[in-house]
$ cat entry.cif   # mmCIF, C-alpha atoms
data_target
loop_
_atom_site.label_atom_id
_atom_site.label_comp_id
_atom_site.auth_asym_id
_atom_site.auth_seq_id
_atom_site.Cartn_x
_atom_site.Cartn_y
_atom_site.Cartn_z
CA MET A 1 -25.88 23.52 -38.72
CA PRO A 2 -27.73 22.63 -35.49
CA ARG A 3 -29.80 25.09 -33.52
CA PHE A 4 -27.42 27.31 -31.56
CA ASP A 5 -29.39 30.32 -30.34
CA LEU A 6 -32.20 30.87 -27.86
CA SER A 7 -35.15 28.48 -27.65
CA ASP A 8 -38.19 29.14 -29.82
CA GLU A 9 -40.12 30.48 -26.84
CA GLU A 10 -37.28 32.78 -25.77
CA LEU A 11 -36.82 34.11 -29.31
CA ARG A 12 -40.43 35.12 -29.67
CA THR A 13 -40.28 37.30 -26.56
CA TYR A 14 -36.66 38.46 -26.89
CA ARG A 15 -36.77 42.27 -26.68
CA PRO A 16 -33.36 43.54 -25.59
CA GLN A 17 -32.60 47.13 -24.68
CA VAL A 18 -29.87 48.14 -27.09
CA ALA A 19 -27.62 51.12 -26.39
CA GLU A 20 -28.95 54.20 -28.14
CA PRO A 21 -27.07 57.50 -28.53
CA ASP A 22 -28.76 60.56 -27.04
CA ASP A 23 -28.41 62.37 -30.36
CA PHE A 24 -29.59 59.47 -32.57
CA ASP A 25 -32.55 61.35 -34.06
CA ASP A 26 -30.62 64.59 -34.46
CA PHE A 27 -27.77 62.74 -36.16
CA TRP A 28 -30.08 61.26 -38.78
CA GLU A 29 -32.15 64.41 -39.26
CA LYS A 30 -29.01 66.42 -40.02
CA THR A 31 -27.55 63.68 -42.21
CA LEU A 32 -30.66 63.46 -44.38
CA ALA A 33 -31.24 67.21 -44.53
CA GLU A 34 -27.67 67.79 -45.70
CA SER A 35 -27.95 65.24 -48.50
CA ARG A 36 -31.46 66.21 -49.56
CA ALA A 37 -30.25 69.80 -49.96
CA LEU A 38 -27.67 68.59 -52.50
CA ALA A 39 -30.01 66.33 -54.49
CA GLU A 40 -30.23 66.77 -58.26
CA PRO A 41 -33.22 65.72 -60.41
CA VAL A 42 -33.53 61.98 -60.93
CA GLN A 43 -32.19 60.76 -64.28
CA VAL A 44 -34.22 58.05 -65.99
CA ARG A 45 -33.14 56.48 -69.27
CA ARG A 46 -35.00 53.66 -71.01
CA ILE A 47 -32.71 50.95 -72.31
CA ASP A 48 -33.14 48.35 -75.01
CA SER A 49 -33.95 44.93 -73.61
CA PRO A 50 -35.09 41.56 -74.93
CA LEU A 51 -37.81 41.65 -72.28
CA GLN A 52 -41.22 42.11 -73.89
CA SER A 53 -43.57 42.41 -70.93
CA VAL A 54 -41.36 44.72 -68.87
CA GLU A 55 -39.90 48.16 -69.56
CA VAL A 56 -36.36 48.64 -68.27
CA TYR A 57 -34.92 51.98 -67.14
CA ASP A 58 -31.43 52.87 -65.97
CA VAL A 59 -31.91 55.28 -63.05
CA THR A 60 -29.39 57.60 -61.42
CA PHE A 61 -30.30 59.59 -58.31
CA SER A 62 -28.49 61.69 -55.72
CA GLY A 63 -27.55 59.80 -52.57
CA PHE A 64 -25.34 60.73 -49.64
CA ARG A 65 -23.94 64.27 -50.10
CA GLY A 66 -25.12 64.33 -53.68
CA ASP A 67 -23.16 61.24 -54.80
CA SER A 68 -24.58 59.54 -57.88
CA VAL A 69 -26.21 56.19 -57.15
CA GLY A 70 -27.54 53.81 -59.79
CA GLY A 71 -30.31 51.29 -59.98
CA TRP A 72 -32.73 49.48 -62.26
CA LEU A 73 -36.37 50.48 -62.57
CA LEU A 74 -38.65 47.86 -64.07
CA LEU A 75 -42.24 48.65 -65.06
CA PRO A 76 -45.01 46.53 -66.57
CA ALA A 77 -45.00 47.28 -70.29
CA GLY A 78 -47.65 49.34 -72.00
CA GLY A 79 -49.17 51.37 -69.18
CA ASP A 80 -49.02 54.98 -68.14
CA GLU A 81 -50.89 55.05 -64.82
CA PRO A 82 -49.08 55.56 -61.48
CA LEU A 83 -48.23 52.21 -59.90
CA PRO A 84 -47.51 51.01 -56.39
CA ALA A 85 -43.75 50.61 -56.03
CA VAL A 86 -41.29 48.28 -54.33
CA VAL A 87 -37.82 49.65 -53.55
CA GLU A 88 -35.38 46.80 -52.98
CA PHE A 89 -31.91 46.71 -51.40
CA ASN A 90 -29.25 44.10 -52.00
CA GLY A 91 -27.30 41.57 -49.97
CA TYR A 92 -23.71 42.07 -48.84
CA GLY A 93 -21.18 42.35 -51.66
CA GLY A 94 -23.67 42.27 -54.52
CA GLY A 95 -24.53 44.92 -57.09
CA ARG A 96 -27.63 45.74 -59.05
CA GLY A 97 -26.77 43.01 -61.55
CA LEU A 98 -28.80 42.70 -64.76
CA PRO A 99 -32.44 43.75 -65.22
CA HIS A 100 -33.77 40.30 -66.16
CA GLU A 101 -32.56 38.75 -62.90
CA ARG A 102 -35.45 40.14 -60.84
CA LEU A 103 -38.78 40.18 -62.64
CA GLY A 104 -41.23 39.12 -59.94
CA TRP A 105 -42.43 42.52 -58.76
CA ALA A 106 -42.78 44.12 -62.19
CA ALA A 107 -44.51 41.00 -63.52
CA SER A 108 -46.97 41.36 -60.62
CA GLY A 109 -47.93 44.90 -61.58
CA TYR A 110 -45.53 46.96 -59.46
CA ALA A 111 -42.92 49.54 -60.28
CA HIS A 112 -39.75 47.86 -59.01
CA PHE A 113 -36.58 49.78 -58.21
CA PHE A 114 -33.46 47.82 -57.30
CA MET A 115 -30.80 50.06 -55.76
CA ASP A 116 -27.11 49.52 -56.40
CA THR A 117 -25.11 49.44 -53.14
CA ARG A 118 -22.25 51.92 -53.24
CA GLY A 119 -18.78 50.41 -53.37
CA GLN A 120 -20.10 46.85 -53.60
CA GLY A 121 -21.02 44.72 -56.59
CA SER A 122 -17.86 42.66 -56.98
CA GLY A 123 -18.34 39.92 -54.40
CA TRP A 124 -20.90 37.81 -56.27
CA GLY A 125 -23.61 38.10 -58.92
CA THR A 126 -23.27 40.15 -62.10
CA GLY A 127 -21.83 43.41 -60.84
CA GLY A 128 -22.69 46.97 -59.94
CA VAL A 129 -21.91 50.47 -61.17
CA THR A 130 -21.90 52.71 -58.08
CA GLY A 131 -18.62 53.68 -56.45
CA ASP A 132 -18.03 55.03 -52.96
CA PRO A 133 -15.85 58.15 -53.28
CA HIS A 134 -15.43 58.58 -49.51
CA GLY A 135 -12.40 57.15 -47.77
CA SER A 136 -11.94 55.99 -44.19
CA GLY A 137 -9.24 55.17 -41.71
CA PRO A 138 -7.71 51.73 -41.14
CA ALA A 139 -10.23 48.96 -41.79
CA VAL A 140 -10.49 45.20 -42.20
CA PRO A 141 -11.17 44.10 -45.81
CA GLY A 142 -14.91 44.36 -46.40
CA PHE A 143 -17.31 47.13 -45.42
CA MET A 144 -18.13 46.62 -41.75
CA THR A 145 -15.22 48.56 -40.27
CA ARG A 146 -14.89 51.38 -42.81
CA GLY A 147 -14.98 54.57 -40.77
CA ILE A 148 -15.91 52.73 -37.58
CA ASP A 149 -13.98 55.24 -35.43
CA ASP A 150 -16.63 57.92 -36.00
CA PRO A 151 -20.34 57.61 -36.89
CA HIS A 152 -20.01 60.55 -39.30
CA ASP A 153 -17.46 58.56 -41.32
CA TYR A 154 -19.03 55.11 -41.05
CA TYR A 155 -19.79 53.37 -44.32
CA TYR A 156 -23.43 52.60 -43.53
CA ARG A 157 -24.19 56.26 -42.90
CA ARG A 158 -23.74 56.65 -46.62
CA VAL A 159 -25.64 53.50 -47.55
CA TYR A 160 -28.65 54.21 -45.32
CA THR A 161 -28.82 57.76 -46.66
CA ASP A 162 -28.75 56.39 -50.21
CA ALA A 163 -31.65 54.12 -49.33
CA VAL A 164 -33.85 56.90 -47.98
CA LEU A 165 -33.07 59.11 -50.96
CA ALA A 166 -33.87 56.18 -53.26
CA VAL A 167 -37.37 56.20 -51.78
CA ASP A 168 -37.53 59.96 -52.35
CA ALA A 169 -36.36 59.52 -55.94
CA ILE A 170 -38.85 56.82 -56.84
CA ARG A 171 -41.69 58.80 -55.31
CA SER A 172 -40.83 61.69 -57.64
CA LEU A 173 -41.51 59.67 -60.82
CA ASP A 174 -44.75 60.06 -62.78
CA ARG A 175 -45.24 56.29 -63.07
CA VAL A 176 -45.11 55.80 -59.30
CA ASP A 177 -47.91 56.39 -56.81
CA ALA A 178 -45.94 58.15 -54.07
CA ALA A 179 -48.47 57.10 -51.42
CA ARG A 180 -48.03 53.38 -52.17
CA VAL A 181 -44.34 52.58 -51.76
CA ALA A 182 -42.87 49.59 -49.92
CA VAL A 183 -39.27 48.64 -49.09
CA THR A 184 -37.67 45.22 -48.98
CA GLY A 185 -34.34 43.38 -49.07
CA ILE A 186 -32.57 40.24 -47.96
CA SER A 187 -29.69 40.03 -45.44
CA GLN A 188 -27.79 43.34 -45.74
CA GLY A 189 -30.76 44.49 -47.80
CA GLY A 190 -33.01 43.56 -44.90
CA GLY A 191 -30.99 45.71 -42.52
CA ILE A 192 -31.11 48.60 -44.98
CA THR A 193 -34.87 48.04 -45.27
CA ILE A 194 -35.28 48.51 -41.51
CA ALA A 195 -33.32 51.78 -41.59
CA ALA A 196 -35.21 53.06 -44.63
CA ALA A 197 -38.52 52.21 -42.98
CA ALA A 198 -37.59 54.23 -39.89
CA LEU A 199 -36.18 57.21 -41.78
CA SER A 200 -38.88 57.47 -44.47
CA THR A 201 -42.49 58.47 -43.88
CA GLY A 202 -45.72 57.08 -45.24
CA LEU A 203 -44.51 53.67 -46.46
CA VAL A 204 -47.22 51.07 -46.97
CA ALA A 205 -45.00 48.16 -45.93
CA ALA A 206 -41.49 47.04 -44.96
CA MET A 207 -40.34 43.48 -45.67
CA PRO A 208 -36.92 42.69 -44.12
CA ASP A 209 -35.83 39.19 -45.11
CA VAL A 210 -33.33 37.47 -42.73
CA PRO A 211 -32.00 40.96 -41.89
CA PHE A 212 -28.37 41.74 -41.12
CA LEU A 213 -27.06 44.80 -39.18
CA CYS A 214 -29.17 44.20 -36.06
CA HIS A 215 -28.16 43.93 -32.38
CA PHE A 216 -24.42 44.38 -32.99
CA ARG A 217 -23.41 43.75 -29.38
CA ARG A 218 -24.88 40.26 -29.50
CA ALA A 219 -23.95 39.39 -33.08
CA VAL A 220 -20.28 40.39 -32.92
CA GLY A 221 -18.49 37.48 -31.34
CA PHE A 222 -21.62 35.35 -31.09
CA THR A 223 -21.31 34.08 -34.65
CA GLU A 224 -18.03 33.03 -36.23
CA ARG A 225 -19.19 33.94 -39.73
CA ASP A 226 -18.57 37.03 -41.82
CA PRO A 227 -19.52 39.84 -42.16
CA TYR A 228 -19.81 40.25 -38.35
CA GLN A 229 -16.40 38.61 -37.98
CA GLU A 230 -14.86 41.58 -39.80
CA ILE A 231 -15.54 43.59 -36.64
CA VAL A 232 -14.03 40.84 -34.48
CA ARG A 233 -10.85 40.88 -36.55
CA TYR A 234 -10.67 44.67 -36.35
CA LEU A 235 -11.05 44.70 -32.55
CA ALA A 236 -8.53 41.88 -32.19
CA VAL A 237 -5.93 44.28 -33.63
CA HIS A 238 -7.29 47.60 -32.32
CA ARG A 239 -7.50 46.38 -28.75
CA GLY A 240 -8.48 49.67 -27.16
CA ALA A 241 -11.18 50.56 -29.70
CA THR A 242 -14.04 48.37 -28.49
CA GLU A 243 -16.24 50.98 -26.82
CA ARG A 244 -15.63 53.55 -29.52
CA ALA A 245 -16.53 51.03 -32.23
CA PHE A 246 -19.74 49.94 -30.54
CA GLU A 247 -20.71 53.53 -29.90
CA THR A 248 -20.43 54.14 -33.65
CA LEU A 249 -22.40 50.99 -34.44
CA SER A 250 -25.22 52.08 -32.13
CA TYR A 251 -26.14 54.79 -34.67
CA PHE A 252 -26.67 52.05 -37.27
CA ASP A 253 -28.25 49.24 -35.26
CA GLY A 254 -31.46 47.87 -36.74
CA VAL A 255 -32.97 47.60 -33.26
CA ASN A 256 -32.77 51.37 -32.78
CA PHE A 257 -34.35 51.93 -36.19
CA ALA A 258 -37.05 49.35 -35.49
CA ARG A 259 -38.18 51.39 -32.49
CA ARG A 260 -38.96 54.21 -34.92
CA ALA A 261 -40.56 52.20 -37.73
CA SER A 262 -44.34 52.17 -37.89
CA ALA A 263 -45.11 50.77 -41.37
CA PRO A 264 -46.69 47.30 -41.32
CA ALA A 265 -43.83 44.81 -41.53
CA LEU A 266 -43.21 41.24 -42.58
CA PHE A 267 -39.93 39.82 -41.31
CA SER A 268 -38.41 36.45 -42.00
CA VAL A 269 -35.96 34.51 -39.86
CA ALA A 270 -34.08 31.24 -40.33
CA LEU A 271 -33.59 29.39 -37.06
CA MET A 272 -30.32 27.74 -38.16
CA ASP A 273 -28.86 30.97 -39.61
CA PRO A 274 -25.15 31.29 -38.65
CA VAL A 275 -24.74 34.64 -40.46
CA CYS A 276 -27.62 36.59 -38.90
CA PRO A 277 -28.41 34.70 -35.69
CA PRO A 278 -32.16 34.38 -35.02
CA SER A 279 -31.99 36.38 -31.79
CA THR A 280 -30.62 39.39 -33.67
CA VAL A 281 -33.54 39.26 -36.10
CA TYR A 282 -36.07 38.89 -33.30
CA ALA A 283 -34.41 41.77 -31.44
CA ALA A 284 -35.42 44.08 -34.30
CA ARG A 285 -38.79 42.52 -34.95
CA ASN A 286 -39.83 42.57 -31.29
CA ASN A 287 -38.83 46.24 -30.98
CA TRP A 288 -40.75 47.29 -34.11
CA ASP A 289 -42.95 50.29 -33.33
CA GLY A 290 -45.79 49.12 -35.58
CA VAL A 291 -47.31 45.73 -36.35
CA ALA A 292 -44.64 43.24 -37.44
CA ASP A 293 -45.41 39.71 -38.60
CA ILE A 294 -42.63 37.17 -38.97
CA THR A 295 -42.21 33.96 -40.94
CA GLU A 296 -39.91 31.34 -39.42
CA TYR A 297 -37.88 28.81 -41.41
CA ALA A 298 -37.02 26.22 -38.80
CA PHE A 299 -34.50 24.18 -40.79
CA ASN A 300 -32.90 26.81 -43.01
CA GLN A 301 -29.67 28.71 -42.71
CA HIS A 302 -29.06 32.18 -44.14
CA GLU A 303 -30.82 31.42 -47.41
CA GLY A 304 -34.09 31.61 -45.48
CA GLY A 305 -37.23 31.02 -47.51
CA LEU A 306 -36.04 32.31 -50.91
CA GLY A 307 -38.93 31.98 -53.42
CA VAL A 308 -41.31 30.82 -50.72
CA GLN A 309 -40.68 34.04 -48.80
CA TRP A 310 -41.23 36.12 -51.93
CA GLU A 311 -44.69 34.57 -52.25
CA GLN A 312 -45.33 35.50 -48.61
CA GLN A 313 -44.22 39.06 -49.33
CA ALA A 314 -46.39 39.37 -52.44
CA ALA A 315 -49.47 38.26 -50.51
CA PHE A 316 -48.61 40.53 -47.58
CA LEU A 317 -48.11 43.61 -49.77
CA ALA A 318 -51.31 42.98 -51.69
CA GLU A 319 -53.14 42.80 -48.37
CA GLN A 320 -51.64 46.11 -47.20
CA LEU A 321 -52.60 47.84 -50.44
CA ALA A 322 -56.12 46.44 -50.34
CA GLY A 323 -56.59 47.70 -46.77
#
$ encode --input "entry.cif" --output "structure tokens"
Amino acid sequence: MPRFDLSDEELRTYRPQVAEPDDFDDFWEKTLAESRALAEPVQVRRIDSPLQSVEVYDVTFSGFRGDSVGGWLLLPAGGDEPLPAVVEFNGYGGGRGLPHERLGWAASGYAHFFMDTRGQGSGWGTGGVTGDPHGSGPAVPGFMTRGIDDPHDYYYRRVYTDAVLAVDAIRSLDRVDAARVAVTGISQGGGITIAAAALSTGLVAAMPDVPFLCHFRRAVGFTERDPYQEIVRYLAVHRGATERAFETLSYFDGVNFARRASAPALFSVALMDPVCPPSTVYAARNNWDGVADITEYAFNQHEGGLGVQWEQQAAFLAEQLAG
């Protein structure tokens, strides 16, 4: 895949003004307040595991409108002191998988919570357990157009709310230091990370890795790859729905969340990424309200830096905690 986006110099200064609804803040304040009012106590159940150096817990917490959302909590074995925590969100179509698939954070001394993404978990990997009990109107197969006629019905309203309440849930646990919580995720998980960073308070760091769900107006139609192409296919059939769809998407655009996110951030971007074009990543990073570093992978596509980026994140988070 050759370079196809803006030049390196243009990317690093690309700071578009993205359409923002007048009631953006009110919309999210009411959404979160409604769901927090319905939240039940977090359920934590230790499970048997062949892992010896890590304790594994099956966690269920209340997400959007009280819906049950699952996830894995991994802790270093043998301790009882409150730990700094990393809350992680998954890529598009994946579920929470199996506990032994993600050991890096717990092996490094963190409490690590990996959130299941509602309704997903059957596209790749080893599955998920969280359903999405809310329906929507006509939609293209996938998740991008579910409820796109109205921001109150849009799929990512539920997912972003789950993410914020996941942070709330993890902060409530005795083994977690509520003042030392970070959020991270790759691709879709990176977009969720940006929203969670804007809608949660007091995070020590946000680490969006090749984030999706940013700068919809540019991404939709600019790249020929899914998941953004789901929206293209929807609008190709629903020919009069363009403005209504983009108005809905403006409530969920990572750029608008970035303007409200003040936690220290470490982004990553792949300059040959056909799924999340580099300009859409830079649009969020360059609008970040706080300090936001970024690591570029000049010759990578959507895989980005993988294990190399995790090492960058581990060093970055350690630096934030030490400061």
$ residues_around --input "entry.cif" --residues "segment 297-312 of chain A" --least-positions-apart "5" --cutoff "6 Å" --atoms "all atoms listed in the file" --output "number ranges by chain"
A: 270-273
$ closest_atom_pairs --input "entry.cif" --of "segment 135-188 of chain A" --to "segment 35-53 of chain A" --cutoff "10 Å" --atoms "only C-alpha atoms" --output "JSON lines"
{"residue": "A:Arg158", "atom": "CA", "partner": "A:Ser35", "partner_atom": "CA", "distance": 9.7}
{"residue": "A:Thr161", "atom": "CA", "partner": "A:Ser35", "partner_atom": "CA", "distance": 7.8}
{"residue": "A:Asp162", "atom": "CA", "partner": "A:Ser35", "partner_atom": "CA", "distance": 9.0}
{"residue": "A:Val164", "atom": "CA", "partner": "A:Arg36", "partner_atom": "CA", "distance": 9.7}
{"residue": "A:Leu165", "atom": "CA", "partner": "A:Arg36", "partner_atom": "CA", "distance": 7.4}
{"residue": "A:Ala166", "atom": "CA", "partner": "A:Val42", "partner_atom": "CA", "distance": 9.6}
{"residue": "A:Asp168", "atom": "CA", "partner": "A:Arg36", "partner_atom": "CA", "distance": 9.1}
{"residue": "A:Ala169", "atom": "CA", "partner": "A:Val42", "partner_atom": "CA", "distance": 6.2}
{"residue": "A:Ile170", "atom": "CA", "partner": "A:Val42", "partner_atom": "CA", "distance": 8.5}
{"residue": "A:Ser172", "atom": "CA", "partner": "A:Val42", "partner_atom": "CA", "distance": 8.0}
{"residue": "A:Leu173", "atom": "CA", "partner": "A:Val42", "partner_atom": "CA", "distance": 8.3}
$ resolve_selection --input "entry.cif" --expression "the PyMOL selection byres ((chain A and resi 149) around 10)" --output "ChimeraX atom specification"
/A:136-139,145-148,150-154,241-249
$ residues_around --input "entry.cif" --residues "Val220 of chain A" --least-positions-apart "3" --cutoff "9 Å" --atoms "all atoms listed in the file" --output "list in words"
His215, Phe216, Arg217, Thr223, Glu224, Tyr228, Gln229, Glu230, Ile231 and Val232 of chain A
$ closest_atom_pairs --input "entry.cif" --of "segment 67-88 of chain A" --to "segment 181-184 of chain A" --cutoff "8 Å" --atoms "all atoms listed in the file" --output "Markdown table"
| residue | atom | partner | partner_atom | distance |
| --- | --- | --- | --- | --- |
| A:Pro84 | CA | A:Val181 | CA | 5.8 |
| A:Ala85 | CA | A:Val181 | CA | 4.7 |
| A:Val86 | CA | A:Ala182 | CA | 4.9 |
| A:Val87 | CA | A:Val183 | CA | 4.8 |
| A:Glu88 | CA | A:Thr184 | CA | 4.9 |
$ residues_around --input "entry.cif" --residues "Tyr156 of chain A" --least-positions-apart "3" --cutoff "8 Å" --atoms "all atoms listed in the file" --output "list in words"
Val159, Tyr160 and Phe252 of chain A
$ axis_aligned_box --input "entry.cif" --around "segment 147-152 of chain A" --padding-each-side "4 Å" --output "AutoDock Vina command-line options"
--center_x -17.2 --center_y 56.6 --center_z -38.1 --size_x 14.4 --size_y 15.8 --size_z 13.3
$ closest_residue --input "entry.cif" --among "A:Ala111, A:Tyr234, A:Ala198, A:Arg96" --to "Ala178 of chain A" --atoms "all atoms listed in the file"
A:Ala111
$ resolve_selection --input "entry.cif" --expression "the PyMOL selection byres ((chain A and resi 185) around 7)" --output "PDB file with C-alpha atoms, in the coordinates of the input"
ATOM      1  CA  GLU A  88     -35.380  46.800 -52.980  1.00  0.00           C
ATOM      2  CA  PHE A  89     -31.910  46.710 -51.400  1.00  0.00           C
ATOM      3  CA  ASN A  90     -29.250  44.100 -52.000  1.00  0.00           C
ATOM      4  CA  THR A 184     -37.670  45.220 -48.980  1.00  0.00           C
ATOM      5  CA  ILE A 186     -32.570  40.240 -47.960  1.00  0.00           C
ATOM      6  CA  SER A 187     -29.690  40.030 -45.440  1.00  0.00           C
ATOM      7  CA  GLY A 189     -30.760  44.490 -47.800  1.00  0.00           C
ATOM      8  CA  GLY A 190     -33.010  43.560 -44.900  1.00  0.00           C
ATOM      9  CA  THR A 193     -34.870  48.040 -45.270  1.00  0.00           C
ATOM     10  CA  MET A 207     -40.340  43.480 -45.670  1.00  0.00           C
ATOM     11  CA  PRO A 208     -36.920  42.690 -44.120  1.00  0.00           C
ATOM     12  CA  ASP A 209     -35.830  39.190 -45.110  1.00  0.00           C
TER      13      ASP A 209
END
$ atom_distance --input "entry.cif" --atom1 "atom CA of Asp80 of chain A" --atom2 "atom CA of Ala106 of chain A"
13.9 Å
$ residues_near_point --input "entry.cif" --point "(-32.6, 31.2, -33.8)" --cutoff "12 Å" --atoms "all atoms listed in the file" --output "PyMOL selection string"
chain A and resi 1-12+14+210+219+223+268-283+296-302+304
$ resolve_selection --input "entry.cif" --expression "the PyMOL selection byres ((chain A and resi 127) around 10)" --output "PDB file with C-alpha atoms, in the frame of the given file"
ATOM      1  CA  GLY A  93     -21.180  42.350 -51.660  1.00  0.00           C
ATOM      2  CA  GLY A  94     -23.670  42.270 -54.520  1.00  0.00           C
ATOM      3  CA  GLY A  95     -24.530  44.920 -57.090  1.00  0.00           C
ATOM      4  CA  ARG A  96     -27.630  45.740 -59.050  1.00  0.00           C
ATOM      5  CA  GLY A  97     -26.770  43.010 -61.550  1.00  0.00           C
ATOM      6  CA  LEU A  98     -28.800  42.700 -64.760  1.00  0.00           C
ATOM      7  CA  ASP A 116     -27.110  49.520 -56.400  1.00  0.00           C
ATOM      8  CA  GLN A 120     -20.100  46.850 -53.600  1.00  0.00           C
ATOM      9  CA  GLY A 121     -21.020  44.720 -56.590  1.00  0.00           C
ATOM     10  CA  SER A 122     -17.860  42.660 -56.980  1.00  0.00           C
ATOM     11  CA  GLY A 123     -18.340  39.920 -54.400  1.00  0.00           C
ATOM     12  CA  TRP A 124     -20.900  37.810 -56.270  1.00  0.00           C
ATOM     13  CA  GLY A 125     -23.610  38.100 -58.920  1.00  0.00           C
ATOM     14  CA  THR A 126     -23.270  40.150 -62.100  1.00  0.00           C
ATOM     15  CA  GLY A 128     -22.690  46.970 -59.940  1.00  0.00           C
ATOM     16  CA  VAL A 129     -21.910  50.470 -61.170  1.00  0.00           C
ATOM     17  CA  THR A 130     -21.900  52.710 -58.080  1.00  0.00           C
TER      18      THR A 130
END
